[in-house]
Amino acid sequence: MKLKKFTAPTTREALQKLRAELGEDAIILSTKQTAAGTEVLAASSHDLDAVTEKPAQQAAPASWTRADRAQMAQATERQSAERQSTERAPTAAEKVAQQVAAQRDVLINRTFAPAPAPAPVLAPQPTPIAAAREFANDDMLSEVAKRRSMAASESMAQENTAVLEEIRQMRQLLKDQMAMMTWRDTLEKNPQRGELWNLLTQSGFSPLFARTVAEKLPSGLNDNQVQDWVANVLKKNLNVIPGDKDVVETGGTFALVGPTGVGKTTTTAKLAARCVVKYGADSLGLITTDSYRIGAQDQLRIYGKILGVQVYTAQTHADLLQLRNSMQRKRLILIDTVGMGQRDSRVAEQTKILTDSHVKRILLLNATSQPETLDDVVRHYKSTGLSGAIVSKLDEAIKIGGVLDVVMRHKLALHYIATGQRVPEDLFPANPQVLVHRALRSRSGQAFQTSSEELKWKMAQVSTTGI
């Protein structure tokens with residue numbers, strides 16, 4: 001009989017190898033544990049025909065336990081009884097096969113039998129000190145769990161906030177896309193709106209302002225009617241102070257504020273001259289707070305000397321209150337302030353001093369500045385309210401649509417326009433008809449013109465945010 005060994009880390013894997021090579025009818029002769037794992041000795045059932053007569057009794061392997069030997073004996077006795085009950089005596093090969101089958105049954109029962117359940121171990125009763133320590137550990141674990149729960153809640157809240165922000169951005173994006181599609185359809189139905197949009201942007205008005213006006217253009221108008229319509233719209237939106245209600249006529253205490261170089265001192269001198277010419281030198285009070293710029297006070301004092309008006313200096317809030325109280329009988333008090341950039345931290349301090357002193361503020365806007373800069377200036381100086389604005393350096397500006405756009409969008413009352421350095425000749429009451437006519441007449445240079453293809457792309461990119 002040909003014997004074969006099968007070695008594997010576990011008995012189950014060894015039996016699987018055995019069945020794969022010798023088949024389900026293979027005969028297991030022995031099994032033992034080695035350094036490499038479980039070793040199984042087996043033979044094929046086809047080799048049993050070559051087995052010769054051998055003693056019926058076969059010794060059990062030395063590695064078997066007493067229970068295995070007893071089980072082997074019972075299986076042998078059972079097989080002997082069955083053999084005796086038959087009329088034919090078993091052959092030697094059958095005896096060997098019966099013994100080998102009994103050994104295989106014992107091996108399989110031992111291999112796959114469930115492991116006995118371990119005996120229960122009684123936990124020792126804790127001592128009072130151990131119980132106190134266990135209680136403290138429970139409190140610590142509870143605190144750790146609470147902190148982890150709070151951290152998880154904060155993380156979830158942050159994730160929810162991020163998701164909501166993304167949803168808001170997506171909603172705004174879809175809204176913008178739908179508005180652009182609607183705007184393009186509108187331009188295809190009424191090409192005059194595109195031409196009007198181009199006219200306003202070339203005149204210096206912001207694309208958003210131009211689009212808002214163009215969307216309201218009635219259909220069926222010729223070119224002249226379109227010009228008249230847009231001029232009327234601009235004049236209605238310009239809040240201009242009439243001549244009989246200007247600063248000189250109404251009187252009061254006014255401070256001219258604004259960035260550096262916009263002409264505050266010169267404009268103060270122009271207003272002072274208008275007041276002196278109409279109501280006399282005794283009706284006017286002049287105060288300066290500009291102690292930073294070299295020669296600033298001397299410049300205003302020269303104008304005051306020409307007009308016959310004393311110029312006073314206020315360095316602090318208390319000085320300003322004292323001077324204002326001493327000039328209560330004056331018809332008009334003008335305060336020339338120090339020029340500050342709109343992002344200077346001193347702007348808020350200056351605004352607070354003037355507001356606490358019950359001084360009205362008039363903002364000077366440079367017509368030559370970029371519209372974005374003018375918009376930033378107004379937003380910073382408008383924190384506590386403005387009594388109006390004066391547009392300066394109008395004679396130096398190529399296009400004035402930008403400054404008019406800022407005045408209309410921020411709803412500022414326009415008092416005067418300044419067109420030069422002469423005192424007092426170059427200061428005029430704001431006239432909406434003159435301003436609109438000049439704004440629509442001015443155009444960009446050839447290098448700044450927009451082609452028809454660029455115009456379509458630019459109009460499609462305009463934001464849908466309201467004015």
# chains A, B, ... in the order shown; residues from 1 in each chain; ligands from 1
$ residues_around --residues "Gln33 of chain A" --least-positions-apart "4" --cutoff "12 Å" --atoms "only C-alpha atoms" --output "PyMOL selection string"
chain A and resi 6-11+14+37-41+63-64
$ residues_around --residues "Gly251 of chain A" --least-positions-apart "4" --cutoff "9 Å" --atoms "only C-alpha atoms" --output "PyMOL selection string"
chain A and resi 246-247+330-333
$ write_last_selection --atoms "C-alpha atoms" --output "PDB file, in the first residue's frame"
ATOM      1  CA  ASP A 246     -28.120 126.253  -0.852  1.00  0.00           C
ATOM      2  CA  VAL A 247     -25.588 126.544   1.961  1.00  0.00           C
ATOM      3  CA  LYS A 330     -23.068 134.188  12.615  1.00  0.00           C
ATOM      4  CA  ARG A 331     -25.293 133.306   9.669  1.00  0.00           C
ATOM      5  CA  LEU A 332     -22.834 130.805   8.204  1.00  0.00           C
ATOM      6  CA  ILE A 333     -19.900 128.983   9.860  1.00  0.00           C
TER       7      ILE A 333
END
$ closest_residue --among "A:Gln74, A:Thr212, A:Thr268, A:Gln192" --to "Gly285 of chain A" --atoms "only C-alpha atoms"
A:Thr268
$ closest_residue --among "A:Val338, A:Ile287, A:Glu24, A:Leu234" --to "Leu323 of chain A" --atoms "only C-alpha atoms"
A:Ile287
$ atom_distance --atom1 "atom CA of Ile28 of chain A" --atom2 "atom CA of Thr76 of chain A"
15.9 Å
$ atom_distance --atom1 "atom CA of Ala255 of chain A" --atom2 "atom CA of Ala348 of chain A"
14.6 Å
$ atom_distance --atom1 "atom CA of Gly339 of chain A" --atom2 "atom CA of Gly258 of chain A"
5.9 Å
$ select_by_dssp --residues "segment 344-381 of chain A" --states "helix (DSSP H, G or I)" --output "count of residues only"
22
$ select_by_dssp --residues "segment 192-318 of chain A" --states "strand (DSSP E)" --output "VMD selection string"
chain A and resid 252 to 257 284 to 288 311 to 313
$ residues_around --residues "Ser442 of chain A" --least-positions-apart "6" --cutoff "12 Å" --atoms "only C-alpha atoms" --output "number ranges by chain"
A: 199-205, 397-402, 435-436
$ write_last_selection --atoms "N, CA and C atoms" --output "tab-separated table (two decimals), in the first residue's frame"
chain	number	residue	atom	x	y	z
A	199	LEU	N	-23.74	103.27	-24.74
A	199	LEU	CA	-23.64	104.73	-24.60
A	199	LEU	C	-23.34	105.13	-23.17
A	200	LEU	N	-24.05	104.53	-22.22
A	200	LEU	CA	-23.86	104.90	-20.81
A	200	LEU	C	-22.50	104.46	-20.28
A	201	THR	N	-22.07	103.25	-20.63
A	201	THR	CA	-20.76	102.79	-20.15
A	201	THR	C	-19.63	103.60	-20.77
A	202	GLN	N	-19.76	103.99	-22.03
A	202	GLN	CA	-18.74	104.82	-22.65
A	202	GLN	C	-18.71	106.22	-22.06
A	203	SER	N	-19.82	106.63	-21.44
A	203	SER	CA	-19.87	107.95	-20.80
A	203	SER	C	-19.34	107.92	-19.38
A	204	GLY	N	-18.96	106.76	-18.89
A	204	GLY	CA	-18.38	106.66	-17.55
A	204	GLY	C	-19.28	106.04	-16.51
A	205	PHE	N	-20.54	105.75	-16.84
A	205	PHE	CA	-21.44	105.12	-15.87
A	205	PHE	C	-21.06	103.65	-15.70
A	397	ALA	N	-11.93	116.77	-15.75
A	397	ALA	CA	-12.43	115.42	-16.01
A	397	ALA	C	-12.79	115.25	-17.49
A	398	ILE	N	-12.41	114.11	-18.06
A	398	ILE	CA	-12.80	113.77	-19.43
A	398	ILE	C	-14.23	113.28	-19.45
A	399	LYS	N	-14.57	112.39	-18.52
A	399	LYS	CA	-15.92	111.85	-18.41
A	399	LYS	C	-16.41	112.07	-16.98
A	400	ILE	N	-17.65	112.50	-16.83
A	400	ILE	CA	-18.19	112.75	-15.49
A	400	ILE	C	-19.31	111.77	-15.15
A	401	GLY	N	-19.52	110.77	-16.01
A	401	GLY	CA	-20.56	109.78	-15.71
A	401	GLY	C	-20.27	109.01	-14.43
A	402	GLY	N	-18.98	108.75	-14.14
A	402	GLY	CA	-18.65	107.98	-12.94
A	402	GLY	C	-19.03	108.70	-11.66
A	435	LEU	N	-25.32	119.04	-16.31
A	435	LEU	CA	-24.51	117.88	-15.95
A	435	LEU	C	-24.84	116.67	-16.83
A	436	VAL	N	-26.12	116.40	-17.06
A	436	VAL	CA	-26.53	115.26	-17.88
A	436	VAL	C	-26.09	115.46	-19.32
$ residues_around --residues "His358 of chain A" --least-positions-apart "5" --cutoff "10 Å" --atoms "only C-alpha atoms" --output "list in words"
Thr253, Phe254, Leu321, Arg324, Lys352 and Ile353 of chain A
$ decode --residues "segment 20-42 of chain A" --atoms "N, CA, C and O atoms" --output "PDB file, in the first residue's frame"
ATOM      1  N   ALA A  20      -8.232  16.614  -1.820  1.00  0.00           N
ATOM      2  CA  ALA A  20      -7.965  17.102  -3.169  1.00  0.00           C
ATOM      3  C   ALA A  20      -7.107  16.146  -3.967  1.00  0.00           C
ATOM      4  O   ALA A  20      -7.246  16.027  -5.187  1.00  0.00           O
ATOM      5  N   GLU A  21      -6.196  15.390  -3.288  1.00  0.00           N
ATOM      6  CA  GLU A  21      -5.264  14.520  -4.024  1.00  0.00           C
ATOM      7  C   GLU A  21      -5.738  13.068  -4.057  1.00  0.00           C
ATOM      8  O   GLU A  21      -5.645  12.408  -5.095  1.00  0.00           O
ATOM      9  N   LEU A  22      -6.286  12.532  -2.924  1.00  0.00           N
ATOM     10  CA  LEU A  22      -6.647  11.120  -2.852  1.00  0.00           C
ATOM     11  C   LEU A  22      -8.142  10.873  -2.988  1.00  0.00           C
ATOM     12  O   LEU A  22      -8.563   9.728  -3.107  1.00  0.00           O
ATOM     13  N   GLY A  23      -8.937  11.957  -2.893  1.00  0.00           N
ATOM     14  CA  GLY A  23     -10.373  11.773  -3.032  1.00  0.00           C
ATOM     15  C   GLY A  23     -11.062  11.594  -1.692  1.00  0.00           C
ATOM     16  O   GLY A  23     -10.428  11.519  -0.633  1.00  0.00           O
ATOM     17  N   GLU A  24     -12.413  11.532  -1.774  1.00  0.00           N
ATOM     18  CA  GLU A  24     -13.206  11.419  -0.550  1.00  0.00           C
ATOM     19  C   GLU A  24     -13.045  10.052   0.121  1.00  0.00           C
ATOM     20  O   GLU A  24     -13.298   9.912   1.313  1.00  0.00           O
ATOM     21  N   ASP A  25     -12.633   9.009  -0.620  1.00  0.00           N
ATOM     22  CA  ASP A  25     -12.515   7.645  -0.064  1.00  0.00           C
ATOM     23  C   ASP A  25     -11.135   7.350   0.488  1.00  0.00           C
ATOM     24  O   ASP A  25     -10.769   6.200   0.718  1.00  0.00           O
ATOM     25  N   ALA A  26     -10.315   8.380   0.662  1.00  0.00           N
ATOM     26  CA  ALA A  26      -8.964   8.166   1.161  1.00  0.00           C
ATOM     27  C   ALA A  26      -8.991   7.629   2.588  1.00  0.00           C
ATOM     28  O   ALA A  26      -9.914   7.903   3.363  1.00  0.00           O
ATOM     29  N   ILE A  27      -7.961   6.860   2.926  1.00  0.00           N
ATOM     30  CA  ILE A  27      -7.860   6.232   4.236  1.00  0.00           C
ATOM     31  C   ILE A  27      -6.810   6.974   5.055  1.00  0.00           C
ATOM     32  O   ILE A  27      -5.655   7.109   4.638  1.00  0.00           O
ATOM     33  N   ILE A  28      -7.229   7.525   6.241  1.00  0.00           N
ATOM     34  CA  ILE A  28      -6.311   8.217   7.140  1.00  0.00           C
ATOM     35  C   ILE A  28      -5.721   7.194   8.091  1.00  0.00           C
ATOM     36  O   ILE A  28      -6.447   6.495   8.815  1.00  0.00           O
ATOM     37  N   LEU A  29      -4.396   7.115   8.094  1.00  0.00           N
ATOM     38  CA  LEU A  29      -3.713   6.133   8.929  1.00  0.00           C
ATOM     39  C   LEU A  29      -3.256   6.708  10.255  1.00  0.00           C
ATOM     40  O   LEU A  29      -3.339   6.048  11.281  1.00  0.00           O
ATOM     41  N   SER A  30      -2.775   7.979  10.268  1.00  0.00           N
ATOM     42  CA  SER A  30      -2.318   8.602  11.515  1.00  0.00           C
ATOM     43  C   SER A  30      -2.242  10.115  11.326  1.00  0.00           C
ATOM     44  O   SER A  30      -2.239  10.617  10.199  1.00  0.00           O
ATOM     45  N   THR A  31      -2.166  10.773  12.480  1.00  0.00           N
ATOM     46  CA  THR A  31      -2.013  12.231  12.494  1.00  0.00           C
ATOM     47  C   THR A  31      -1.220  12.635  13.717  1.00  0.00           C
ATOM     48  O   THR A  31      -1.329  11.990  14.773  1.00  0.00           O
ATOM     49  N   LYS A  32      -0.397  13.682  13.555  1.00  0.00           N
ATOM     50  CA  LYS A  32       0.400  14.166  14.677  1.00  0.00           C
ATOM     51  C   LYS A  32       0.773  15.637  14.443  1.00  0.00           C
ATOM     52  O   LYS A  32       0.758  16.130  13.311  1.00  0.00           O
ATOM     53  N   GLN A  33       1.140  16.283  15.559  1.00  0.00           N
ATOM     54  CA  GLN A  33       1.545  17.682  15.526  1.00  0.00           C
ATOM     55  C   GLN A  33       3.054  17.786  15.393  1.00  0.00           C
ATOM     56  O   GLN A  33       3.790  17.124  16.135  1.00  0.00           O
ATOM     57  N   THR A  34       3.510  18.574  14.448  1.00  0.00           N
ATOM     58  CA  THR A  34       4.930  18.801  14.219  1.00  0.00           C
ATOM     59  C   THR A  34       5.225  20.298  14.284  1.00  0.00           C
ATOM     60  O   THR A  34       4.314  21.116  14.473  1.00  0.00           O
ATOM     61  N   ALA A  35       6.491  20.655  14.098  1.00  0.00           N
ATOM     62  CA  ALA A  35       6.879  22.082  14.102  1.00  0.00           C
ATOM     63  C   ALA A  35       6.255  22.823  12.939  1.00  0.00           C
ATOM     64  O   ALA A  35       5.981  24.026  13.018  1.00  0.00           O
ATOM     65  N   ALA A  36       6.001  22.138  11.832  1.00  0.00           N
ATOM     66  CA  ALA A  36       5.395  22.769  10.649  1.00  0.00           C
ATOM     67  C   ALA A  36       3.883  22.826  10.723  1.00  0.00           C
ATOM     68  O   ALA A  36       3.242  23.415   9.854  1.00  0.00           O
ATOM     69  N   GLY A  37       3.285  22.148  11.728  1.00  0.00           N
ATOM     70  CA  GLY A  37       1.833  22.142  11.858  1.00  0.00           C
ATOM     71  C   GLY A  37       1.312  20.737  12.080  1.00  0.00           C
ATOM     72  O   GLY A  37       1.900  19.952  12.830  1.00  0.00           O
ATOM     73  N   THR A  38       0.232  20.377  11.417  1.00  0.00           N
ATOM     74  CA  THR A  38      -0.408  19.050  11.551  1.00  0.00           C
ATOM     75  C   THR A  38       0.033  18.162  10.391  1.00  0.00           C
ATOM     76  O   THR A  38      -0.036  18.579   9.219  1.00  0.00           O
ATOM     77  N   GLU A  39       0.463  16.966  10.738  1.00  0.00           N
ATOM     78  CA  GLU A  39       0.904  15.996   9.714  1.00  0.00           C
ATOM     79  C   GLU A  39      -0.075  14.842   9.690  1.00  0.00           C
ATOM     80  O   GLU A  39      -0.343  14.210  10.712  1.00  0.00           O
ATOM     81  N   VAL A  40      -0.630  14.514   8.501  1.00  0.00           N
ATOM     82  CA  VAL A  40      -1.615  13.441   8.323  1.00  0.00           C
ATOM     83  C   VAL A  40      -1.029  12.406   7.384  1.00  0.00           C
ATOM     84  O   VAL A  40      -0.550  12.756   6.285  1.00  0.00           O
ATOM     85  N   LEU A  41      -1.046  11.124   7.814  1.00  0.00           N
ATOM     86  CA  LEU A  41      -0.589  10.006   6.992  1.00  0.00           C
ATOM     87  C   LEU A  41      -1.804   9.299   6.444  1.00  0.00           C
ATOM     88  O   LEU A  41      -2.688   8.906   7.193  1.00  0.00           O
ATOM     89  N   ALA A  42      -1.890   9.130   5.103  1.00  0.00           N
ATOM     90  CA  ALA A  42      -3.085   8.560   4.475  1.00  0.00           C
ATOM     91  C   ALA A  42      -2.690   7.727   3.284  1.00  0.00           C
ATOM     92  O   ALA A  42      -1.554   7.772   2.793  1.00  0.00           O
TER      93      ALA A  42
END
